[in-house]
Amino acid sequence: MATANPLQPTEPRGRKLSIHVVTWNVASAAPALDPDNLLQLNNQNLNLDMYVIGLQEMDCGIMSLLADTASEDPWSSFFMDVLSPLSFVKVSSVRMQGLLLLVFVKCQHLPFIQILSTKSTPTGLFGFWGNKGGVNICLKLYGYYVSIVNCHLPPHMANNDQRLEHFDRILEMQNFEGLDIPTILDHDLIVWFGDMNFRIEDFGLHFVRESIKNQCYSDLWEKDQLSVAKRCDLLLREFQEGPLLFPPTYKFDKNSDNYDTSEKKRKPAWTDRILWRLKRQPHTGSCTLSLPAPHFSLSLRSYISHMMYTISDHKPVTGTFDLELKPLVSVPLITLMPEGLWTVENDMLISYTLTPDFPSSPWDWIGLYKVGLRHINDYVSYVWVEDNQVSFSNGLNQVYINVSDIPETEGQFLLCYYSNSLRSVVGMSSPFKIQPSAFLEEDLMDESQL
C-alpha cells in the first residue's frame, strides 16, 4: 500500500459550508422581534457557516438616513447583536436607500473571504432613484468567485415586462471595469433574491385564497409570473429556485396573519424569492456548456417562509444551502501569532509570516480584537505594520503594540491582519488572554515567598 510523502503538499480536502439566506421586505418596520426562527438559531443540526441577509423597504426617511450615516442602522445593529456572540462577524454590507445587504461569516473563515466589490444599481425613475434596483456584494470564498444580489423590482400585476427589464438591467450593470474580476456570469455562484414583486396571473382573488386555504399551491404555480418567464427566457432559466411549498408571502394586514382586507384587497403572491445560478463549464474543445464543475456544488436544504412575523405586510423567506467545494485557497496568506505572555504593563510583540506572493502595502494593519467582534472595524486597538515594525528576517516579521494601546480588561482576545490591497482580513491568530496587573503582582509575591 502506497504511503504519503510528507515532503509533498497534500491536496486540500473538500469542505462543506452551510449558508442561510434571508430576504424580507420589512415595510419600514423597526427590528422589534425574536430572531430565533428567522435565523434558525434553535436548529442545532444546521451548524451554519454564513448568513446572507437582504432587506427591502427599510425606513429611508431623511431623519433615519441622517442617523444611519452617523452610526449603524438599527437592522444591522440588531443582527450584529444577535450573531456576534455566536462567533459570526459582519464582513461586508451595502445599502441603497431602503435596500440593505449584509454578509456574516463564522470567525474561522475570515482569512479565506476576500471582499472584491460592493455596488448599487438604481432602477427607479429611469435609473436615477434607488427606491427600486439592486445591491451587490462580490467576494472570493476559498478562491471561488461569488456574487450576491438583493433586489427590489417594480410592483403591480401589469408591470411584469418592466420587472424583467429591471432584472436584466441590474445583471448588465454588474460589471467590474478596472478590476481583475470576471464578469458576473463567469462567477462560480450567483445568489439573487429579494422582493421581486412577481404576481399570480389570470386567477381571481377568491380562487387564489381558496387554493391557499386548501394548500393547493400547485394550481397557482402555473400562473406565477416568474415561473412563466423562466419557460421562455434562456438566461433566467439558468437561475434555479426551490419548490414553492409555502403560502404566498404578500400581501398581509400588518400585525396579523390575514391577507389584505383593505379596500384594494390585493391578490396574494409569491413576491419574495431566492434564486441561485452555478457557473457552467465549457466542454473541452467545444463551445457547448456542461454541468457545473464537480468540485463546487450547491444543494438546497430548506426553502420556507416564516409566517409568525407580522410587523410587515410581507413574510420573510429563507433558504438554507450546503455549498460543497474543494478549496482553491487552503492556507492563510498571513500566519499571525502573539509572542510570549501578554500583559497590561509592557509593549507586546507580534510575529507574522507571509506567503511569497502576498501584495503587502504600507497601509496594512494588525487589529487587536476581543473575541466576539461584531465587524472588521470593531478593534480594541491596531498598529500599522510598517510604522511599528521592529525586525524582519527569513520571512519572519515582528511588530509591537504600545503598552498604552493594550486594554486593561480581562477576557479572550485575537489578532487579525488586514490587507489594504485585498480589502480583507488575510490572517488571524488563535485566541489568547491578556493578563491583568493584579495577576502579575500575585505571581511576583508567590515567587518572593519561595
# chains A, B, ... in the order shown; residues from 1 in each chain; ligands from 1

call {"tool": "residues_around", "arguments": {"residues": "Trp24 (chain A)", "least_positions_apart": "3", "cutoff": "7 Å", "atoms": "only C-alpha atoms", "output": "list of chain:residue names"}}
result
A:Gly54, A:Leu55, A:Gln56, A:Lys315, A:Pro316, A:Val317

call {"tool": "write_last_selection", "arguments": {"atoms": "C-alpha atoms", "output": "tab-separated table (two decimals), in the first residue's frame"}}
result
chain	number	residue	atom	x	y	z
A	54	GLY	CA	-31.20	41.14	2.40
A	55	LEU	CA	-33.88	43.63	3.43
A	56	GLN	CA	-36.11	45.84	1.33
A	315	LYS	CA	-43.50	37.50	5.36
A	316	PRO	CA	-39.75	36.76	5.36
A	317	VAL	CA	-38.42	33.92	3.23

call {"tool": "residues_around", "arguments": {"residues": "Gly411 (chain A)", "least_positions_apart": "3", "cutoff": "9 Å", "atoms": "only C-alpha atoms", "output": "mmCIF file with all heavy atoms, in the first residue's frame"}}
result
data_model
loop_
_atom_site.group_PDB
_atom_site.id
_atom_site.type_symbol
_atom_site.label_atom_id
_atom_site.label_comp_id
_atom_site.auth_asym_id
_atom_site.auth_seq_id
_atom_site.Cartn_x
_atom_site.Cartn_y
_atom_site.Cartn_z
ATOM 1 N N LYS A 370 -11.412 41.859 20.839
ATOM 2 C CA LYS A 370 -11.973 40.945 21.829
ATOM 3 C C LYS A 370 -12.697 39.841 21.069
ATOM 4 O O LYS A 370 -13.326 40.079 20.035
ATOM 5 C CB LYS A 370 -12.965 41.668 22.740
ATOM 6 C CG LYS A 370 -12.316 42.627 23.738
ATOM 7 C CD LYS A 370 -13.175 42.842 24.970
ATOM 8 C CE LYS A 370 -13.125 41.637 25.892
ATOM 9 N NZ LYS A 370 -13.744 41.889 27.217
ATOM 10 N N VAL A 371 -12.606 38.622 21.553
ATOM 11 C CA VAL A 371 -13.350 37.523 20.950
ATOM 12 C C VAL A 371 -14.841 37.861 20.999
ATOM 13 O O VAL A 371 -15.358 38.302 22.022
ATOM 14 C CB VAL A 371 -13.063 36.198 21.683
ATOM 15 C CG1 VAL A 371 -14.016 35.107 21.226
ATOM 16 C CG2 VAL A 371 -11.616 35.777 21.443
ATOM 17 N N PHE A 432 -6.233 34.333 22.747
ATOM 18 C CA PHE A 432 -5.273 34.338 23.856
ATOM 19 C C PHE A 432 -5.762 35.311 24.920
ATOM 20 O O PHE A 432 -6.661 36.119 24.682
ATOM 21 C CB PHE A 432 -3.874 34.737 23.374
ATOM 22 C CG PHE A 432 -3.821 36.104 22.741
ATOM 23 C CD1 PHE A 432 -3.515 37.234 23.487
ATOM 24 C CD2 PHE A 432 -4.084 36.270 21.385
ATOM 25 C CE1 PHE A 432 -3.473 38.490 22.914
ATOM 26 C CE2 PHE A 432 -4.048 37.522 20.787
ATOM 27 C CZ PHE A 432 -3.746 38.636 21.557
ATOM 28 N N LYS A 433 -5.156 35.244 26.101
ATOM 29 C CA LYS A 433 -5.536 36.112 27.203
ATOM 30 C C LYS A 433 -4.501 37.212 27.393
ATOM 31 O O LYS A 433 -3.304 37.009 27.165
ATOM 32 C CB LYS A 433 -5.666 35.312 28.510
ATOM 33 C CG LYS A 433 -6.970 34.555 28.652
ATOM 34 C CD LYS A 433 -7.092 33.972 30.056
ATOM 35 C CE LYS A 433 -8.458 33.310 30.247
ATOM 36 N NZ LYS A 433 -8.601 32.782 31.630
ATOM 37 N N ILE A 434 -4.971 38.374 27.820
ATOM 38 C CA ILE A 434 -4.078 39.437 28.286
ATOM 39 C C ILE A 434 -4.175 39.461 29.803
ATOM 40 O O ILE A 434 -5.268 39.628 30.364
ATOM 41 C CB ILE A 434 -4.476 40.804 27.689
ATOM 42 C CG1 ILE A 434 -4.312 40.776 26.171
ATOM 43 C CG2 ILE A 434 -3.631 41.917 28.300
ATOM 44 C CD1 ILE A 434 -4.719 42.069 25.486
ATOM 45 N N GLN A 435 -3.039 39.260 30.462
ATOM 46 C CA GLN A 435 -3.054 39.131 31.920
ATOM 47 C C GLN A 435 -3.106 40.500 32.576
ATOM 48 O O GLN A 435 -2.355 41.408 32.209
ATOM 49 C CB GLN A 435 -1.810 38.376 32.398
ATOM 50 C CG GLN A 435 -1.647 36.995 31.785
ATOM 51 C CD GLN A 435 -2.753 36.033 32.192
ATOM 52 O OE1 GLN A 435 -3.577 36.359 33.039
ATOM 53 N NE2 GLN A 435 -2.779 34.854 31.599
#

call {"tool": "select_by_dssp", "arguments": {"residues": "region 124-311 of chain A", "states": "helix (DSSP H, G or I)", "output": "PyMOL selection string"}}
result
chain A and resi 157-172+184-186+205-213+218-221+225-232+234-237

call {"tool": "closest_residue", "arguments": {"among": "A:Trp384, A:Phe193, A:Tyr418, A:Tyr303", "to": "Val91 (chain A)", "atoms": "only C-alpha atoms"}}
result
A:Tyr418

call {"tool": "atom_distance", "arguments": {"atom1": "CA of Ser419 (chain A)", "atom2": "CA of Leu354 (chain A)"}}
result
11.4 Å

call {"tool": "select_by_dssp", "arguments": {"residues": "region 153-268 of chain A", "states": "strand (DSSP E or B)", "output": "list in words"}}
result
Leu189, Ile190, Val191, Trp192, Phe193, Gly194, Asp195, Ile200, Asp224, Gln240, Tyr250, Phe252 and Tyr259 of chain A

call {"tool": "write_last_selection", "arguments": {"atoms": "N, CA, C and O atoms", "output": "mmCIF file, in the first residue's frame"}}
result
data_model
loop_
_atom_site.group_PDB
_atom_site.id
_atom_site.type_symbol
_atom_site.label_atom_id
_atom_site.label_comp_id
_atom_site.auth_asym_id
_atom_site.auth_seq_id
_atom_site.Cartn_x
_atom_site.Cartn_y
_atom_site.Cartn_z
ATOM 1 N N LEU A 189 -20.709 31.240 -8.503
ATOM 2 C CA LEU A 189 -22.041 31.189 -7.898
ATOM 3 C C LEU A 189 -22.631 32.587 -7.859
ATOM 4 O O LEU A 189 -21.958 33.556 -7.492
ATOM 5 N N ILE A 190 -23.898 32.689 -8.262
ATOM 6 C CA ILE A 190 -24.686 33.908 -8.069
ATOM 7 C C ILE A 190 -25.869 33.533 -7.178
ATOM 8 O O ILE A 190 -26.590 32.581 -7.460
ATOM 9 N N VAL A 191 -26.036 34.280 -6.091
ATOM 10 C CA VAL A 191 -27.227 34.141 -5.245
ATOM 11 C C VAL A 191 -28.015 35.439 -5.410
ATOM 12 O O VAL A 191 -27.513 36.519 -5.104
ATOM 13 N N TRP A 192 -29.247 35.327 -5.928
ATOM 14 C CA TRP A 192 -30.050 36.500 -6.278
ATOM 15 C C TRP A 192 -31.397 36.371 -5.578
ATOM 16 O O TRP A 192 -32.100 35.384 -5.748
ATOM 17 N N PHE A 193 -31.765 37.370 -4.807
ATOM 18 C CA PHE A 193 -33.005 37.282 -4.033
ATOM 19 C C PHE A 193 -33.567 38.670 -3.809
ATOM 20 O O PHE A 193 -32.953 39.684 -4.161
ATOM 21 N N GLY A 194 -34.742 38.713 -3.208
ATOM 22 C CA GLY A 194 -35.341 39.994 -2.857
ATOM 23 C C GLY A 194 -36.839 40.002 -3.059
ATOM 24 O O GLY A 194 -37.477 38.970 -3.306
ATOM 25 N N ASP A 195 -37.405 41.199 -2.965
ATOM 26 C CA ASP A 195 -38.821 41.415 -3.268
ATOM 27 C C ASP A 195 -38.911 41.622 -4.775
ATOM 28 O O ASP A 195 -38.783 42.732 -5.271
ATOM 29 N N ILE A 200 -49.431 36.478 -9.429
ATOM 30 C CA ILE A 200 -50.152 35.319 -9.960
ATOM 31 C C ILE A 200 -51.197 35.825 -10.949
ATOM 32 O O ILE A 200 -52.109 36.581 -10.579
ATOM 33 N N ASP A 224 -47.783 31.707 -11.892
ATOM 34 C CA ASP A 224 -46.788 32.570 -11.247
ATOM 35 C C ASP A 224 -45.912 33.196 -12.322
ATOM 36 O O ASP A 224 -45.319 32.502 -13.158
ATOM 37 N N GLN A 240 -31.865 28.805 -10.638
ATOM 38 C CA GLN A 240 -32.684 27.772 -10.009
ATOM 39 C C GLN A 240 -33.425 28.336 -8.799
ATOM 40 O O GLN A 240 -33.026 29.346 -8.218
ATOM 41 N N TYR A 250 -47.191 37.710 0.338
ATOM 42 C CA TYR A 250 -47.683 39.092 0.196
ATOM 43 C C TYR A 250 -49.120 39.014 -0.313
ATOM 44 O O TYR A 250 -49.430 38.096 -1.088
ATOM 45 N N PHE A 252 -50.174 40.975 3.412
ATOM 46 C CA PHE A 252 -50.859 40.733 4.673
ATOM 47 C C PHE A 252 -51.209 42.056 5.350
ATOM 48 O O PHE A 252 -50.530 43.074 5.155
ATOM 49 N N TYR A 259 -54.552 37.875 4.996
ATOM 50 C CA TYR A 259 -54.253 38.549 3.736
ATOM 51 C C TYR A 259 -55.054 39.849 3.652
ATOM 52 O O TYR A 259 -56.066 40.030 4.339
#

call {"tool": "residues_around", "arguments": {"residues": "region 320-328 of chain A", "least_positions_apart": "2", "cutoff": "9 Å", "atoms": "only C-alpha atoms", "output": "mmCIF file with all heavy atoms, in the first residue's frame"}}
result
data_model
loop_
_atom_site.group_PDB
_atom_site.id
_atom_site.type_symbol
_atom_site.label_atom_id
_atom_site.label_comp_id
_atom_site.auth_asym_id
_atom_site.auth_seq_id
_atom_site.Cartn_x
_atom_site.Cartn_y
_atom_site.Cartn_z
ATOM 1 N N PRO A 12 -5.804 19.822 -0.893
ATOM 2 C CA PRO A 12 -6.807 20.262 0.076
ATOM 3 C C PRO A 12 -8.043 19.374 0.040
ATOM 4 O O PRO A 12 -8.498 18.959 -1.018
ATOM 5 C CB PRO A 12 -7.140 21.690 -0.384
ATOM 6 C CG PRO A 12 -6.646 21.781 -1.796
ATOM 7 C CD PRO A 12 -5.493 20.849 -1.890
ATOM 8 N N ARG A 13 -8.520 19.053 1.224
ATOM 9 C CA ARG A 13 -9.710 18.219 1.316
ATOM 10 C C ARG A 13 -10.954 19.037 1.013
ATOM 11 O O ARG A 13 -10.970 20.252 1.138
ATOM 12 C CB ARG A 13 -9.813 17.620 2.723
ATOM 13 C CG ARG A 13 -8.731 16.593 3.028
ATOM 14 C CD ARG A 13 -8.930 15.998 4.396
ATOM 15 N NE ARG A 13 -8.792 16.994 5.455
ATOM 16 C CZ ARG A 13 -9.037 16.762 6.724
ATOM 17 N NH1 ARG A 13 -9.456 15.571 7.108
ATOM 18 N NH2 ARG A 13 -8.885 17.708 7.622
ATOM 19 N N GLY A 14 -12.007 18.339 0.623
ATOM 20 C CA GLY A 14 -13.267 19.015 0.368
ATOM 21 C C GLY A 14 -13.828 19.640 1.636
ATOM 22 O O GLY A 14 -13.554 19.187 2.747
ATOM 23 N N ARG A 15 -14.599 20.677 1.471
ATOM 24 C CA ARG A 15 -15.175 21.396 2.609
ATOM 25 C C ARG A 15 -16.647 21.655 2.319
ATOM 26 O O ARG A 15 -17.021 21.945 1.176
ATOM 27 C CB ARG A 15 -14.431 22.717 2.829
ATOM 28 C CG ARG A 15 -14.987 23.573 3.933
ATOM 29 C CD ARG A 15 -14.188 24.860 4.079
ATOM 30 N NE ARG A 15 -12.917 24.646 4.737
ATOM 31 C CZ ARG A 15 -12.743 24.651 6.047
ATOM 32 N NH1 ARG A 15 -13.784 24.845 6.860
ATOM 33 N NH2 ARG A 15 -11.556 24.471 6.576
ATOM 34 N N LYS A 16 -17.473 21.567 3.340
ATOM 35 C CA LYS A 16 -18.888 21.882 3.194
ATOM 36 C C LYS A 16 -19.222 23.083 4.056
ATOM 37 O O LYS A 16 -18.942 23.102 5.251
ATOM 38 C CB LYS A 16 -19.762 20.686 3.597
ATOM 39 C CG LYS A 16 -21.256 20.964 3.417
ATOM 40 C CD LYS A 16 -22.095 19.699 3.545
ATOM 41 C CE LYS A 16 -22.223 19.258 4.980
ATOM 42 N NZ LYS A 16 -23.181 18.136 5.144
ATOM 43 N N LEU A 17 -19.792 24.104 3.435
ATOM 44 C CA LEU A 17 -20.210 25.308 4.133
ATOM 45 C C LEU A 17 -21.733 25.395 4.098
ATOM 46 O O LEU A 17 -22.346 25.216 3.040
ATOM 47 C CB LEU A 17 -19.619 26.561 3.468
ATOM 48 C CG LEU A 17 -18.094 26.630 3.351
ATOM 49 C CD1 LEU A 17 -17.684 27.891 2.608
ATOM 50 C CD2 LEU A 17 -17.445 26.592 4.730
ATOM 51 N N SER A 18 -22.336 25.675 5.230
ATOM 52 C CA SER A 18 -23.784 25.859 5.308
ATOM 53 C C SER A 18 -24.096 27.354 5.306
ATOM 54 O O SER A 18 -23.546 28.108 6.125
ATOM 55 C CB SER A 18 -24.347 25.202 6.562
ATOM 56 O OG SER A 18 -24.227 23.791 6.475
ATOM 57 N N ILE A 19 -24.967 27.755 4.398
ATOM 58 C CA ILE A 19 -25.276 29.170 4.175
ATOM 59 C C ILE A 19 -26.775 29.395 4.367
ATOM 60 O O ILE A 19 -27.588 28.674 3.795
ATOM 61 C CB ILE A 19 -24.860 29.606 2.758
ATOM 62 C CG1 ILE A 19 -23.362 29.324 2.530
ATOM 63 C CG2 ILE A 19 -25.161 31.085 2.529
ATOM 64 C CD1 ILE A 19 -22.913 29.528 1.091
ATOM 65 N N HIS A 20 -27.114 30.392 5.161
ATOM 66 C CA HIS A 20 -28.518 30.730 5.411
ATOM 67 C C HIS A 20 -28.807 32.089 4.783
ATOM 68 O O HIS A 20 -28.168 33.095 5.125
ATOM 69 C CB HIS A 20 -28.787 30.763 6.916
ATOM 70 C CG HIS A 20 -30.232 30.848 7.283
ATOM 71 N ND1 HIS A 20 -31.136 29.839 7.018
ATOM 72 C CD2 HIS A 20 -30.948 31.834 7.908
ATOM 73 C CE1 HIS A 20 -32.332 30.180 7.465
ATOM 74 N NE2 HIS A 20 -32.237 31.387 8.002
ATOM 75 N N VAL A 21 -29.761 32.124 3.850
ATOM 76 C CA VAL A 21 -30.112 33.343 3.120
ATOM 77 C C VAL A 21 -31.476 33.825 3.600
ATOM 78 O O VAL A 21 -32.432 33.045 3.691
ATOM 79 C CB VAL A 21 -30.147 33.087 1.595
ATOM 80 C CG1 VAL A 21 -30.528 34.357 0.844
ATOM 81 C CG2 VAL A 21 -28.798 32.559 1.110
ATOM 82 N N VAL A 22 -31.557 35.125 3.915
ATOM 83 C CA VAL A 22 -32.802 35.737 4.387
ATOM 84 C C VAL A 22 -33.176 36.863 3.438
ATOM 85 O O VAL A 22 -32.336 37.713 3.119
ATOM 86 C CB VAL A 22 -32.637 36.322 5.809
ATOM 87 C CG1 VAL A 22 -33.923 37.027 6.257
ATOM 88 C CG2 VAL A 22 -32.232 35.246 6.803
ATOM 89 N N LEU A 46 -28.055 22.475 11.930
ATOM 90 C CA LEU A 46 -27.602 23.244 10.761
ATOM 91 C C LEU A 46 -26.105 23.521 10.795
ATOM 92 O O LEU A 46 -25.425 23.431 9.783
ATOM 93 C CB LEU A 46 -28.373 24.565 10.678
ATOM 94 C CG LEU A 46 -29.814 24.467 10.174
ATOM 95 C CD1 LEU A 46 -30.424 25.865 10.063
ATOM 96 C CD2 LEU A 46 -29.874 23.763 8.826
ATOM 97 N N LEU A 48 -24.368 26.396 10.953
ATOM 98 C CA LEU A 48 -24.204 27.366 9.867
ATOM 99 C C LEU A 48 -22.813 28.004 9.875
ATOM 100 O O LEU A 48 -22.204 28.202 10.923
ATOM 101 C CB LEU A 48 -25.276 28.440 9.971
ATOM 102 C CG LEU A 48 -26.703 27.966 9.685
ATOM 103 C CD1 LEU A 48 -27.718 29.011 10.120
ATOM 104 C CD2 LEU A 48 -26.868 27.636 8.209
ATOM 105 N N LEU A 141 -14.567 33.280 -2.063
ATOM 106 C CA LEU A 141 -14.781 32.379 -0.942
ATOM 107 C C LEU A 141 -13.930 31.135 -1.168
ATOM 108 O O LEU A 141 -14.200 30.356 -2.076
ATOM 109 C CB LEU A 141 -16.272 32.027 -0.862
ATOM 110 C CG LEU A 141 -16.715 31.054 0.218
ATOM 111 C CD1 LEU A 141 -16.455 31.630 1.602
ATOM 112 C CD2 LEU A 141 -18.194 30.708 0.053
ATOM 113 N N TYR A 142 -12.872 31.009 -0.384
ATOM 114 C CA TYR A 142 -11.906 29.922 -0.560
ATOM 115 C C TYR A 142 -11.424 29.845 -2.011
ATOM 116 O O TYR A 142 -11.197 28.778 -2.564
ATOM 117 C CB TYR A 142 -12.500 28.591 -0.117
ATOM 118 C CG TYR A 142 -12.560 28.452 1.387
ATOM 119 C CD1 TYR A 142 -13.684 28.857 2.100
ATOM 120 C CD2 TYR A 142 -11.472 27.952 2.111
ATOM 121 C CE1 TYR A 142 -13.733 28.765 3.486
ATOM 122 C CE2 TYR A 142 -11.518 27.852 3.487
ATOM 123 C CZ TYR A 142 -12.638 28.263 4.172
ATOM 124 O OH TYR A 142 -12.667 28.168 5.558
ATOM 125 N N GLY A 143 -11.272 31.024 -2.643
ATOM 126 C CA GLY A 143 -10.737 31.114 -4.003
ATOM 127 C C GLY A 143 -11.779 31.137 -5.098
ATOM 128 O O GLY A 143 -11.436 31.366 -6.259
ATOM 129 N N TYR A 144 -13.059 30.936 -4.783
ATOM 130 C CA TYR A 144 -14.128 30.914 -5.783
ATOM 131 C C TYR A 144 -14.851 32.257 -5.811
ATOM 132 O O TYR A 144 -15.051 32.891 -4.765
ATOM 133 C CB TYR A 144 -15.130 29.795 -5.478
ATOM 134 C CG TYR A 144 -14.553 28.405 -5.610
ATOM 135 C CD1 TYR A 144 -13.995 27.754 -4.511
ATOM 136 C CD2 TYR A 144 -14.559 27.750 -6.831
ATOM 137 C CE1 TYR A 144 -13.466 26.476 -4.624
ATOM 138 C CE2 TYR A 144 -14.025 26.465 -6.955
ATOM 139 C CZ TYR A 144 -13.486 25.841 -5.849
ATOM 140 O OH TYR A 144 -12.953 24.578 -5.981
ATOM 141 N N PRO A 294 -17.586 19.490 -10.692
ATOM 142 C CA PRO A 294 -17.929 18.618 -9.566
ATOM 143 C C PRO A 294 -17.306 19.056 -8.242
ATOM 144 O O PRO A 294 -17.756 18.639 -7.185
ATOM 145 C CB PRO A 294 -17.391 17.254 -10.007
ATOM 146 C CG PRO A 294 -16.348 17.546 -11.028
ATOM 147 C CD PRO A 294 -16.804 18.780 -11.719
ATOM 148 N N HIS A 295 -16.239 19.897 -8.284
ATOM 149 C CA HIS A 295 -15.596 20.316 -7.042
ATOM 150 C C HIS A 295 -16.287 21.530 -6.425
ATOM 151 O O HIS A 295 -15.808 22.091 -5.452
ATOM 152 C CB HIS A 295 -14.124 20.635 -7.303
ATOM 153 C CG HIS A 295 -13.898 21.634 -8.395
ATOM 154 N ND1 HIS A 295 -13.627 21.254 -9.688
ATOM 155 C CD2 HIS A 295 -13.930 22.986 -8.398
ATOM 156 C CE1 HIS A 295 -13.481 22.341 -10.440
ATOM 157 N NE2 HIS A 295 -13.668 23.390 -9.682
ATOM 158 N N PHE A 296 -17.411 21.972 -6.986
ATOM 159 C CA PHE A 296 -18.129 23.135 -6.472
ATOM 160 C C PHE A 296 -19.615 22.915 -6.731
ATOM 161 O O PHE A 296 -20.080 22.990 -7.863
ATOM 162 C CB PHE A 296 -17.639 24.405 -7.173
ATOM 163 C CG PHE A 296 -18.176 25.682 -6.571
ATOM 164 C CD1 PHE A 296 -17.491 26.329 -5.555
ATOM 165 C CD2 PHE A 296 -19.364 26.245 -7.023
ATOM 166 C CE1 PHE A 296 -17.979 27.502 -4.997
ATOM 167 C CE2 PHE A 296 -19.855 27.418 -6.483
ATOM 168 C CZ PHE A 296 -19.155 28.055 -5.462
ATOM 169 N N SER A 297 -20.372 22.587 -5.692
ATOM 170 C CA SER A 297 -21.785 22.282 -5.884
ATOM 171 C C SER A 297 -22.607 22.878 -4.750
ATOM 172 O O SER A 297 -22.121 23.044 -3.625
ATOM 173 C CB SER A 297 -22.010 20.769 -5.958
ATOM 174 O OG SER A 297 -21.638 20.159 -4.737
ATOM 175 N N LEU A 298 -23.851 23.205 -5.060
ATOM 176 C CA LEU A 298 -24.749 23.818 -4.092
ATOM 177 C C LEU A 298 -26.027 22.991 -4.021
ATOM 178 O O LEU A 298 -26.617 22.648 -5.046
ATOM 179 C CB LEU A 298 -25.090 25.253 -4.519
ATOM 180 C CG LEU A 298 -25.846 26.109 -3.497
ATOM 181 C CD1 LEU A 298 -24.907 26.540 -2.375
ATOM 182 C CD2 LEU A 298 -26.449 27.343 -4.166
ATOM 183 N N SER A 299 -26.452 22.659 -2.818
ATOM 184 C CA SER A 299 -27.703 21.924 -2.640
ATOM 185 C C SER A 299 -28.577 22.669 -1.640
ATOM 186 O O SER A 299 -28.089 23.238 -0.660
ATOM 187 C CB SER A 299 -27.435 20.494 -2.163
ATOM 188 O OG SER A 299 -26.695 20.495 -0.957
ATOM 189 N N LEU A 300 -29.880 22.659 -1.907
ATOM 190 C CA LEU A 300 -30.852 23.363 -1.076
ATOM 191 C C LEU A 300 -31.352 22.437 0.025
ATOM 192 O O LEU A 300 -31.842 21.347 -0.245
ATOM 193 C CB LEU A 300 -32.027 23.834 -1.943
ATOM 194 C CG LEU A 300 -33.148 24.595 -1.237
ATOM 195 C CD1 LEU A 300 -32.643 25.935 -0.720
ATOM 196 C CD2 LEU A 300 -34.324 24.793 -2.189
ATOM 197 N N ARG A 301 -31.230 22.892 1.270
ATOM 198 C CA ARG A 301 -31.714 22.099 2.400
ATOM 199 C C ARG A 301 -33.138 22.484 2.794
ATOM 200 O O ARG A 301 -33.927 21.630 3.185
ATOM 201 C CB ARG A 301 -30.789 22.270 3.609
ATOM 202 C CG ARG A 301 -29.416 21.668 3.392
ATOM 203 C CD ARG A 301 -28.535 21.802 4.614
ATOM 204 N NE ARG A 301 -29.036 21.050 5.766
ATOM 205 C CZ ARG A 301 -28.361 20.909 6.894
ATOM 206 N NH1 ARG A 301 -27.173 21.477 7.026
ATOM 207 N NH2 ARG A 301 -28.862 20.217 7.888
ATOM 208 N N SER A 302 -33.442 23.770 2.718
ATOM 209 C CA SER A 302 -34.807 24.205 3.044
ATOM 210 C C SER A 302 -35.099 25.526 2.347
ATOM 211 O O SER A 302 -34.191 26.339 2.119
ATOM 212 C CB SER A 302 -35.000 24.358 4.558
ATOM 213 O OG SER A 302 -34.323 25.510 5.041
ATOM 214 N N TYR A 303 -36.363 25.722 2.006
ATOM 215 C CA TYR A 303 -36.839 26.953 1.365
ATOM 216 C C TYR A 303 -38.223 27.200 1.953
ATOM 217 O O TYR A 303 -39.188 26.531 1.593
ATOM 218 C CB TYR A 303 -36.887 26.756 -0.143
ATOM 219 C CG TYR A 303 -37.198 28.003 -0.957
ATOM 220 C CD1 TYR A 303 -36.713 29.256 -0.602
ATOM 221 C CD2 TYR A 303 -37.956 27.914 -2.130
ATOM 222 C CE1 TYR A 303 -36.971 30.375 -1.362
ATOM 223 C CE2 TYR A 303 -38.222 29.019 -2.915
ATOM 224 C CZ TYR A 303 -37.726 30.249 -2.523
ATOM 225 O OH TYR A 303 -37.991 31.378 -3.295
ATOM 226 N N THR A 318 -36.654 32.346 3.777
ATOM 227 C CA THR A 318 -35.258 31.938 3.957
ATOM 228 C C THR A 318 -34.960 30.694 3.139
ATOM 229 O O THR A 318 -35.836 29.855 2.908
ATOM 230 C CB THR A 318 -34.936 31.653 5.441
ATOM 231 O OG1 THR A 318 -35.720 30.556 5.900
ATOM 232 C CG2 THR A 318 -35.200 32.868 6.303
ATOM 233 N N SER A 330 -6.283 27.209 0.709
ATOM 234 C CA SER A 330 -6.479 26.451 1.948
ATOM 235 C C SER A 330 -5.533 26.879 3.067
ATOM 236 O O SER A 330 -5.657 26.404 4.192
ATOM 237 C CB SER A 330 -6.295 24.950 1.678
ATOM 238 O OG SER A 330 -5.028 24.696 1.096
#
